file my_file-v5.cif (mmCIF, C-alpha atoms)
data_data
loop_
_atom_site.group_PDB
_atom_site.id
_atom_site.type_symbol
_atom_site.label_atom_id
_atom_site.label_comp_id
_atom_site.auth_asym_id
_atom_site.auth_seq_id
_atom_site.Cartn_x
_atom_site.Cartn_y
_atom_site.Cartn_z
ATOM 1 C CA MET S 9 0.000 0.000 0.000
ATOM 2 C CA ALA S 10 2.889 2.367 0.679
ATOM 3 C CA SER S 11 3.840 2.186 -3.014
ATOM 4 C CA GLY S 12 0.439 3.519 -4.015
ATOM 5 C CA ILE S 13 -0.348 0.323 -5.927
ATOM 6 C CA GLY S 14 -2.975 -1.980 -4.467
ATOM 7 C CA ASP S 15 -3.215 -5.769 -4.754
ATOM 8 C CA ALA S 16 -6.103 -5.416 -7.210
ATOM 9 C CA ASP S 17 -3.841 -3.519 -9.613
ATOM 10 C CA TYR S 18 -1.292 -6.337 -9.528
ATOM 11 C CA GLU S 19 -3.997 -8.966 -9.967
ATOM 12 C CA GLY S 20 -5.398 -6.976 -12.886
ATOM 13 C CA ALA S 21 -1.979 -7.192 -14.543
ATOM 14 C CA GLY S 22 -1.928 -10.974 -14.103
ATOM 15 C CA ALA S 23 -0.058 -11.382 -10.808
ATOM 16 C CA THR S 24 -1.063 -13.875 -8.142
ATOM 17 C CA ILE S 25 -1.115 -12.517 -4.596
ATOM 18 C CA VAL S 26 0.269 -14.964 -2.020
ATOM 19 C CA ALA S 27 0.259 -14.997 1.766
ATOM 20 C CA ASP S 28 3.968 -14.603 2.478
ATOM 21 C CA ASN S 29 7.457 -14.173 1.061
ATOM 22 C CA ALA S 30 8.227 -17.903 1.107
ATOM 23 C CA ALA S 31 5.278 -18.605 -1.191
ATOM 24 C CA ALA S 32 6.258 -15.711 -3.451
ATOM 25 C CA VAL S 33 9.817 -16.924 -4.088
ATOM 26 C CA SER S 34 9.086 -20.657 -4.090
ATOM 27 C CA GLY S 35 10.297 -22.043 -7.406
ATOM 28 C CA ALA S 36 11.226 -18.592 -8.727
ATOM 29 C CA ASP S 37 13.714 -18.257 -11.559
ATOM 30 C CA ILE S 38 13.879 -14.454 -11.218
ATOM 31 C CA VAL S 39 13.431 -12.346 -8.085
ATOM 32 C CA LEU S 40 13.121 -8.581 -8.507
ATOM 33 C CA GLY S 41 13.643 -6.285 -5.562
ATOM 34 C CA VAL S 42 14.091 -2.624 -4.854
ATOM 35 C CA ARG S 43 16.840 -3.405 -2.339
ATOM 36 C CA ARG S 44 19.093 -6.428 -1.840
ATOM 37 C CA PRO S 45 17.060 -9.138 -0.108
ATOM 38 C CA GLU S 46 18.320 -11.045 2.886
ATOM 39 C CA ALA S 47 19.548 -14.520 1.949
ATOM 40 C CA SER S 48 16.885 -15.994 4.238
ATOM 41 C CA ALA S 49 14.203 -14.383 2.044
ATOM 42 C CA LEU S 50 15.466 -16.393 -0.949
ATOM 43 C CA LYS S 51 14.869 -19.867 0.512
ATOM 44 C CA GLY S 52 13.039 -21.974 -2.022
ATOM 45 C CA ILE S 53 14.177 -20.236 -5.211
ATOM 46 C CA ASN S 54 15.326 -22.416 -8.076
ATOM 47 C CA PRO S 55 19.061 -23.138 -8.341
ATOM 48 C CA GLY S 56 20.664 -20.565 -10.629
ATOM 49 C CA ALA S 57 17.850 -18.066 -10.122
ATOM 50 C CA LEU S 58 18.538 -14.416 -10.847
ATOM 51 C CA VAL S 59 18.119 -11.775 -8.143
ATOM 52 C CA ILE S 60 17.936 -8.261 -9.580
ATOM 53 C CA ALA S 61 17.959 -5.313 -7.161
ATOM 54 C CA ILE S 62 19.799 -2.249 -5.960
ATOM 55 C CA ALA S 63 22.281 -4.376 -4.056
ATOM 56 C CA ASP S 64 24.622 -1.903 -2.314
ATOM 57 C CA PRO S 65 27.467 -4.409 -2.736
ATOM 58 C CA HIS S 66 30.456 -2.397 -1.511
ATOM 59 C CA GLY S 67 31.328 -3.268 2.071
ATOM 60 C CA HIS S 68 28.638 -5.928 2.345
ATOM 61 C CA GLU S 69 30.659 -8.949 1.263
ATOM 62 C CA ALA S 70 29.206 -11.200 3.973
ATOM 63 C CA ALA S 71 25.636 -10.528 2.824
ATOM 64 C CA LEU S 72 26.665 -11.157 -0.795
ATOM 65 C CA ALA S 73 28.321 -14.438 0.186
ATOM 66 C CA GLU S 74 25.108 -15.529 1.917
ATOM 67 C CA ILE S 75 23.108 -14.786 -1.228
ATOM 68 C CA ALA S 76 25.676 -16.672 -3.334
ATOM 69 C CA GLY S 77 25.202 -19.596 -0.935
ATOM 70 C CA THR S 78 21.558 -19.838 -2.000
ATOM 71 C CA GLY S 79 22.682 -20.642 -5.551
ATOM 72 C CA ALA S 80 21.331 -17.346 -6.897
ATOM 73 C CA SER S 81 23.145 -14.896 -9.162
ATOM 74 C CA LEU S 82 22.779 -11.321 -7.922
ATOM 75 C CA PHE S 83 22.701 -8.407 -10.361
ATOM 76 C CA ALA S 84 23.442 -5.055 -8.674
ATOM 77 C CA MET S 85 21.493 -2.563 -10.766
ATOM 78 C CA GLU S 86 23.513 0.411 -9.531
ATOM 79 C CA LEU S 87 26.591 -1.124 -11.186
ATOM 80 C CA MET S 88 24.946 -1.078 -14.613
ATOM 81 C CA PRO S 89 27.147 0.918 -17.005
ATOM 82 C CA ARG S 90 25.845 4.460 -17.398
ATOM 83 C CA ILE S 91 25.894 4.501 -21.176
ATOM 84 C CA THR S 92 23.304 5.536 -23.741
ATOM 85 C CA ARG S 93 22.266 1.965 -24.577
ATOM 86 C CA ALA S 94 21.662 1.194 -20.903
ATOM 87 C CA GLN S 95 19.741 4.350 -19.971
ATOM 88 C CA VAL S 96 16.492 2.437 -19.543
ATOM 89 C CA MET S 97 18.193 0.416 -16.795
ATOM 90 C CA ASP S 98 19.919 3.346 -15.072
ATOM 91 C CA VAL S 99 18.477 3.145 -11.567
ATOM 92 C CA LEU S 100 20.878 5.766 -10.219
ATOM 93 C CA SER S 101 19.620 8.467 -12.585
ATOM 94 C CA SER S 102 15.978 7.549 -12.102
ATOM 95 C CA GLN S 103 16.301 7.636 -8.316
ATOM 96 C CA ALA S 104 18.343 10.865 -8.409
ATOM 97 C CA ASN S 105 15.664 12.405 -10.605
ATOM 98 C CA LEU S 106 13.009 11.534 -8.034
ATOM 99 C CA ALA S 107 15.241 12.748 -5.201
ATOM 100 C CA GLY S 108 15.688 16.171 -6.842
ATOM 101 C CA TYR S 109 11.939 16.510 -7.289
ATOM 102 C CA ARG S 110 11.159 15.349 -3.759
ATOM 103 C CA ALA S 111 13.800 17.625 -2.211
ATOM 104 C CA VAL S 112 12.059 20.697 -3.619
ATOM 105 C CA ILE S 113 8.592 19.474 -2.658
ATOM 106 C CA ASP S 114 9.763 18.802 0.910
ATOM 107 C CA ALA S 115 11.612 22.139 1.059
ATOM 108 C CA SER S 116 8.502 23.983 -0.121
ATOM 109 C CA ALA S 117 6.497 22.377 2.688
ATOM 110 C CA GLU S 118 9.109 23.464 5.252
ATOM 111 C CA PHE S 119 9.440 26.960 3.750
ATOM 112 C CA GLY S 120 6.004 27.921 5.007
ATOM 113 C CA ARG S 121 4.886 30.213 2.192
ATOM 114 C CA ALA S 122 4.182 30.019 -1.507
ATOM 115 C CA PHE S 123 7.043 29.861 -4.004
ATOM 116 C CA PRO S 124 5.627 32.150 -6.729
ATOM 117 C CA MET S 125 5.267 35.901 -6.446
ATOM 118 C CA MET S 126 1.780 36.632 -5.130
ATOM 119 C CA MET S 127 0.064 39.945 -5.758
ATOM 120 C CA THR S 128 -2.999 40.734 -3.689
ATOM 121 C CA ALA S 129 -4.908 43.806 -2.613
ATOM 122 C CA ALA S 130 -3.009 43.582 0.660
ATOM 123 C CA GLY S 131 0.379 43.744 -1.063
ATOM 124 C CA THR S 132 2.939 41.737 -2.957
ATOM 125 C CA VAL S 133 4.827 38.747 -1.639
ATOM 126 C CA PRO S 134 8.053 38.258 -3.611
ATOM 127 C CA ALA S 135 8.861 34.910 -5.178
ATOM 128 C CA ALA S 136 10.948 32.499 -3.142
ATOM 129 C CA ARG S 137 14.625 32.412 -4.067
ATOM 130 C CA VAL S 138 15.918 28.844 -4.370
ATOM 131 C CA PHE S 139 19.622 27.996 -4.630
ATOM 132 C CA ILE S 140 20.560 24.544 -5.944
ATOM 133 C CA MET S 141 24.037 23.235 -5.181
ATOM 134 C CA GLY S 142 25.069 20.780 -7.887
ATOM 135 C CA ALA S 143 23.520 20.429 -11.323
ATOM 136 C CA GLY S 144 23.677 16.691 -11.822
ATOM 137 C CA VAL S 145 20.542 14.654 -12.425
ATOM 138 C CA ALA S 146 19.029 15.496 -9.022
ATOM 139 C CA GLY S 147 20.009 19.157 -9.211
ATOM 140 C CA LEU S 148 18.549 19.633 -12.680
ATOM 141 C CA GLN S 149 15.262 18.087 -11.584
ATOM 142 C CA ALA S 150 15.294 20.313 -8.487
ATOM 143 C CA ILE S 151 15.796 23.371 -10.700
ATOM 144 C CA ALA S 152 12.935 22.367 -12.984
ATOM 145 C CA THR S 153 10.599 21.625 -10.068
ATOM 146 C CA ALA S 154 11.367 24.866 -8.225
ATOM 147 C CA ARG S 155 10.831 26.845 -11.447
ATOM 148 C CA ARG S 156 7.496 25.094 -12.058
ATOM 149 C CA LEU S 157 6.466 26.093 -8.543
ATOM 150 C CA GLY S 158 7.278 29.720 -9.378
ATOM 151 C CA ALA S 159 10.547 30.279 -7.524
ATOM 152 C CA VAL S 160 13.454 32.371 -8.741
ATOM 153 C CA VAL S 161 16.182 29.742 -9.059
ATOM 154 C CA SER S 162 19.969 29.949 -9.168
ATOM 155 C CA ALA S 163 22.421 27.071 -9.157
ATOM 156 C CA THR S 164 26.092 26.224 -9.017
ATOM 157 C CA ASP S 165 28.174 23.298 -10.194
ATOM 158 C CA VAL S 166 31.915 22.738 -10.461
ATOM 159 C CA ARG S 167 31.580 21.437 -14.030
ATOM 160 C CA PRO S 168 31.578 24.210 -16.651
ATOM 161 C CA ALA S 169 29.461 22.026 -18.960
ATOM 162 C CA ALA S 170 26.573 22.205 -16.498
ATOM 163 C CA LYS S 171 26.123 25.953 -17.135
ATOM 164 C CA GLU S 172 24.225 25.417 -20.385
ATOM 165 C CA GLN S 173 21.943 22.814 -18.795
ATOM 166 C CA VAL S 174 21.164 25.103 -15.846
ATOM 167 C CA GLU S 175 20.427 28.015 -18.166
ATOM 168 C CA SER S 176 18.212 25.850 -20.381
ATOM 169 C CA LEU S 177 15.995 25.240 -17.352
ATOM 170 C CA GLY S 178 15.717 28.946 -16.626
ATOM 171 C CA ALA S 179 18.035 29.173 -13.626
#
call {"tool": "encode", "arguments": {"input": "my_file-v5.cif", "output": "structure tokens"}}
result
Amino acid sequence: MASGIGDADYEGAGATIVADNAAAVSGADIVLGVRRPEASALKGINPGALVIAIADPHGHEAALAEIAGTGASLFAMELMPRITRAQVMDVLSSQANLAGYRAVIDASAEFGRAFPMMMTAAGTVPAARVFIMGAGVAGLQAIATARRLGAVVSATDVRPAAKEQVESLGA
């Protein structure tokens, strides 16, 4: 429910809803996850099954060894090459994009007033001024979101090539 997708939506797409994790992975050839599962959650998968997730492999060798002990092959999606042909599988960019958007939405809630300039009979409230540090994937999405909300946006990045991207978004 926290994902905003109910069981009925999955069933409508052809999925079978089961009572627990053990039933879900029993006999599975492929297990998809958002994060690396615990090895204990993979009991009952077929030998040689694929586990595909954001695995956070660096510094977690013991957890990886446990997963290898299940007979599964783990694919760490964050280690996918960041090349044009693999863009559709680039979980880092997609998550950074969402993070940039969410950062501005959360900041606007904390800010306590509207982002755009507001003119009323009682006076004018100037537009919020938003400063974005870093114009990578998350920063560019933050710029675009803040601009859509009506803020005056400026940004900085150490890479000279980012200047054109920042300017193209109106910051």
call {"tool": "atom_distance", "arguments": {"input": "my_file-v5.cif", "atom1": "CA of Ala76 (chain S)", "atom2": "CA of Ser34 (chain S)"}}
result
17.1 Å
call {"tool": "resolve_selection", "arguments": {"input": "my_file-v5.cif", "expression": "the PyMOL selection byres ((chain S and resi 42-49) around 12)", "output": "MDAnalysis selection string"}}
result
chainID S and resid 11 28:34 36 39:41 50:53 59:65 68 70:86 99 103
call {"tool": "atom_distance", "arguments": {"input": "my_file-v5.cif", "atom1": "CA of Val138 (chain S)", "atom2": "CA of Thr153 (chain S)"}}
result
10.6 Å
call {"tool": "resolve_selection", "arguments": {"input": "my_file-v5.cif", "expression": "the PyMOL selection byres ((chain S and resi 164-169) around 6)", "output": "PyMOL selection string"}}
result
chain S and resi 141-143+163+170-171
call {"tool": "atom_distance", "arguments": {"input": "my_file-v5.cif", "atom1": "CA of Asp37 (chain S)", "atom2": "CA of Pro89 (chain S)"}}
result
24.0 Å
call {"tool": "residues_near_point", "arguments": {"input": "my_file-v5.cif", "point": "(5.0, 28.6, 0.1)", "cutoff": "12 Å", "atoms": "only C-alpha atoms", "output": "list of chain:residue names"}}
result
S:Val112, S:Ile113, S:Asp114, S:Ala115, S:Ser116, S:Ala117, S:Glu118, S:Phe119, S:Gly120, S:Arg121, S:Ala122, S:Phe123, S:Pro124, S:Met125, S:Met126, S:Val133, S:Pro134, S:Ala135, S:Ala136, S:Arg137, S:Val138, S:Ala154, S:Leu157, S:Gly158, S:Ala159
call {"tool": "closest_residue", "arguments": {"input": "my_file-v5.cif", "among": "S:Arg110, S:Asp17, S:Leu148, S:Gly56", "to": "Glu172 (chain S)", "atoms": "all atoms listed in the file"}}
result
S:Leu148
call {"tool": "closest_residue", "arguments": {"input": "my_file-v5.cif", "among": "S:Ala10, S:Ile91, S:Leu58, S:Ala179", "to": "Phe139 (chain S)", "atoms": "all atoms listed in the file"}}
result
S:Ala179
call {"tool": "closest_residue", "arguments": {"input": "my_file-v5.cif", "among": "S:Ala150, S:Leu177, S:Met9, S:Ala57", "to": "Gly35 (chain S)", "atoms": "all atoms listed in the file"}}
result
S:Ala57
call {"tool": "resolve_selection", "arguments": {"input": "my_file-v5.cif", "expression": "the PyMOL selection byres ((chain S and resi 146) around 7)", "output": "list in words"}}
result
Ala104, Asn105, Ala107, Gly108, Gly144, Val145, Gly147, Leu148, Gln149 and Ala150 of chain S
call {"tool": "closest_residue", "arguments": {"input": "my_file-v5.cif", "among": "S:Ala23, S:Leu87, S:Ala16, S:Ile151", "to": "Ser101 (chain S)", "atoms": "all atoms listed in the file"}}
result
S:Leu87
call {"tool": "decode", "arguments": {"input": "my_file-v5.cif", "residues": "region 22-38 of chain S", "atoms": "N, CA, C and O atoms", "output": "short mmCIF file (atom, residue, chain, number, x, y, z; two decimals), in the first residue's frame"}}
result
data_model
loop_
_atom_site.label_atom_id
_atom_site.label_comp_id
_atom_site.auth_asym_id
_atom_site.auth_seq_id
_atom_site.Cartn_x
_atom_site.Cartn_y
_atom_site.Cartn_z
N GLY S 22 -2.23 -9.55 -13.96
CA GLY S 22 -1.93 -10.97 -14.10
C GLY S 22 -1.14 -11.59 -12.97
O GLY S 22 -0.80 -12.77 -13.03
N ALA S 23 -0.82 -10.84 -11.94
CA ALA S 23 -0.06 -11.38 -10.81
C ALA S 23 -0.97 -12.18 -9.88
O ALA S 23 -2.18 -11.95 -9.82
N THR S 24 -0.36 -13.11 -9.17
CA THR S 24 -1.06 -13.87 -8.14
C THR S 24 -0.57 -13.38 -6.79
O THR S 24 0.64 -13.36 -6.55
N ILE S 25 -1.48 -12.99 -5.94
CA ILE S 25 -1.12 -12.52 -4.60
C ILE S 25 -1.04 -13.72 -3.67
O ILE S 25 -1.97 -14.53 -3.62
N VAL S 26 0.08 -13.84 -2.94
CA VAL S 26 0.27 -14.96 -2.02
C VAL S 26 0.40 -14.45 -0.60
O VAL S 26 0.58 -13.25 -0.37
N ALA S 27 0.33 -15.37 0.35
CA ALA S 27 0.26 -15.00 1.77
C ALA S 27 1.57 -14.48 2.34
O ALA S 27 1.57 -13.65 3.23
N ASP S 28 2.71 -15.01 1.86
CA ASP S 28 3.97 -14.60 2.48
C ASP S 28 5.12 -14.67 1.47
O ASP S 28 4.97 -15.13 0.35
N ASN S 29 6.27 -14.22 1.91
CA ASN S 29 7.46 -14.17 1.06
C ASN S 29 7.86 -15.56 0.59
O ASN S 29 8.24 -15.74 -0.56
N ALA S 30 7.81 -16.55 1.48
CA ALA S 30 8.23 -17.90 1.11
C ALA S 30 7.42 -18.41 -0.08
O ALA S 30 7.96 -19.02 -1.01
N ALA S 31 6.12 -18.18 -0.08
CA ALA S 31 5.28 -18.61 -1.19
C ALA S 31 5.60 -17.81 -2.46
O ALA S 31 5.52 -18.34 -3.57
N ALA S 32 5.96 -16.56 -2.29
CA ALA S 32 6.26 -15.71 -3.45
C ALA S 32 7.52 -16.15 -4.18
O ALA S 32 7.56 -16.13 -5.40
N VAL S 33 8.56 -16.56 -3.45
CA VAL S 33 9.82 -16.92 -4.09
C VAL S 33 9.93 -18.41 -4.38
O VAL S 33 10.85 -18.82 -5.09
N SER S 34 9.02 -19.21 -3.88
CA SER S 34 9.09 -20.66 -4.09
C SER S 34 9.10 -20.99 -5.58
O SER S 34 8.20 -20.64 -6.32
N GLY S 35 10.17 -21.64 -6.02
CA GLY S 35 10.30 -22.04 -7.41
C GLY S 35 10.60 -20.91 -8.37
O GLY S 35 10.52 -21.10 -9.58
N ALA S 36 10.97 -19.75 -7.86
CA ALA S 36 11.23 -18.59 -8.73
C ALA S 36 12.53 -18.75 -9.49
O ALA S 36 13.53 -19.24 -8.96
N ASP S 37 12.51 -18.33 -10.75
CA ASP S 37 13.71 -18.26 -11.56
C ASP S 37 14.30 -16.85 -11.53
O ASP S 37 15.48 -16.67 -11.77
N ILE S 38 13.45 -15.85 -11.28
CA ILE S 38 13.88 -14.45 -11.22
C ILE S 38 13.19 -13.80 -10.03
O ILE S 38 11.98 -13.92 -9.87
#
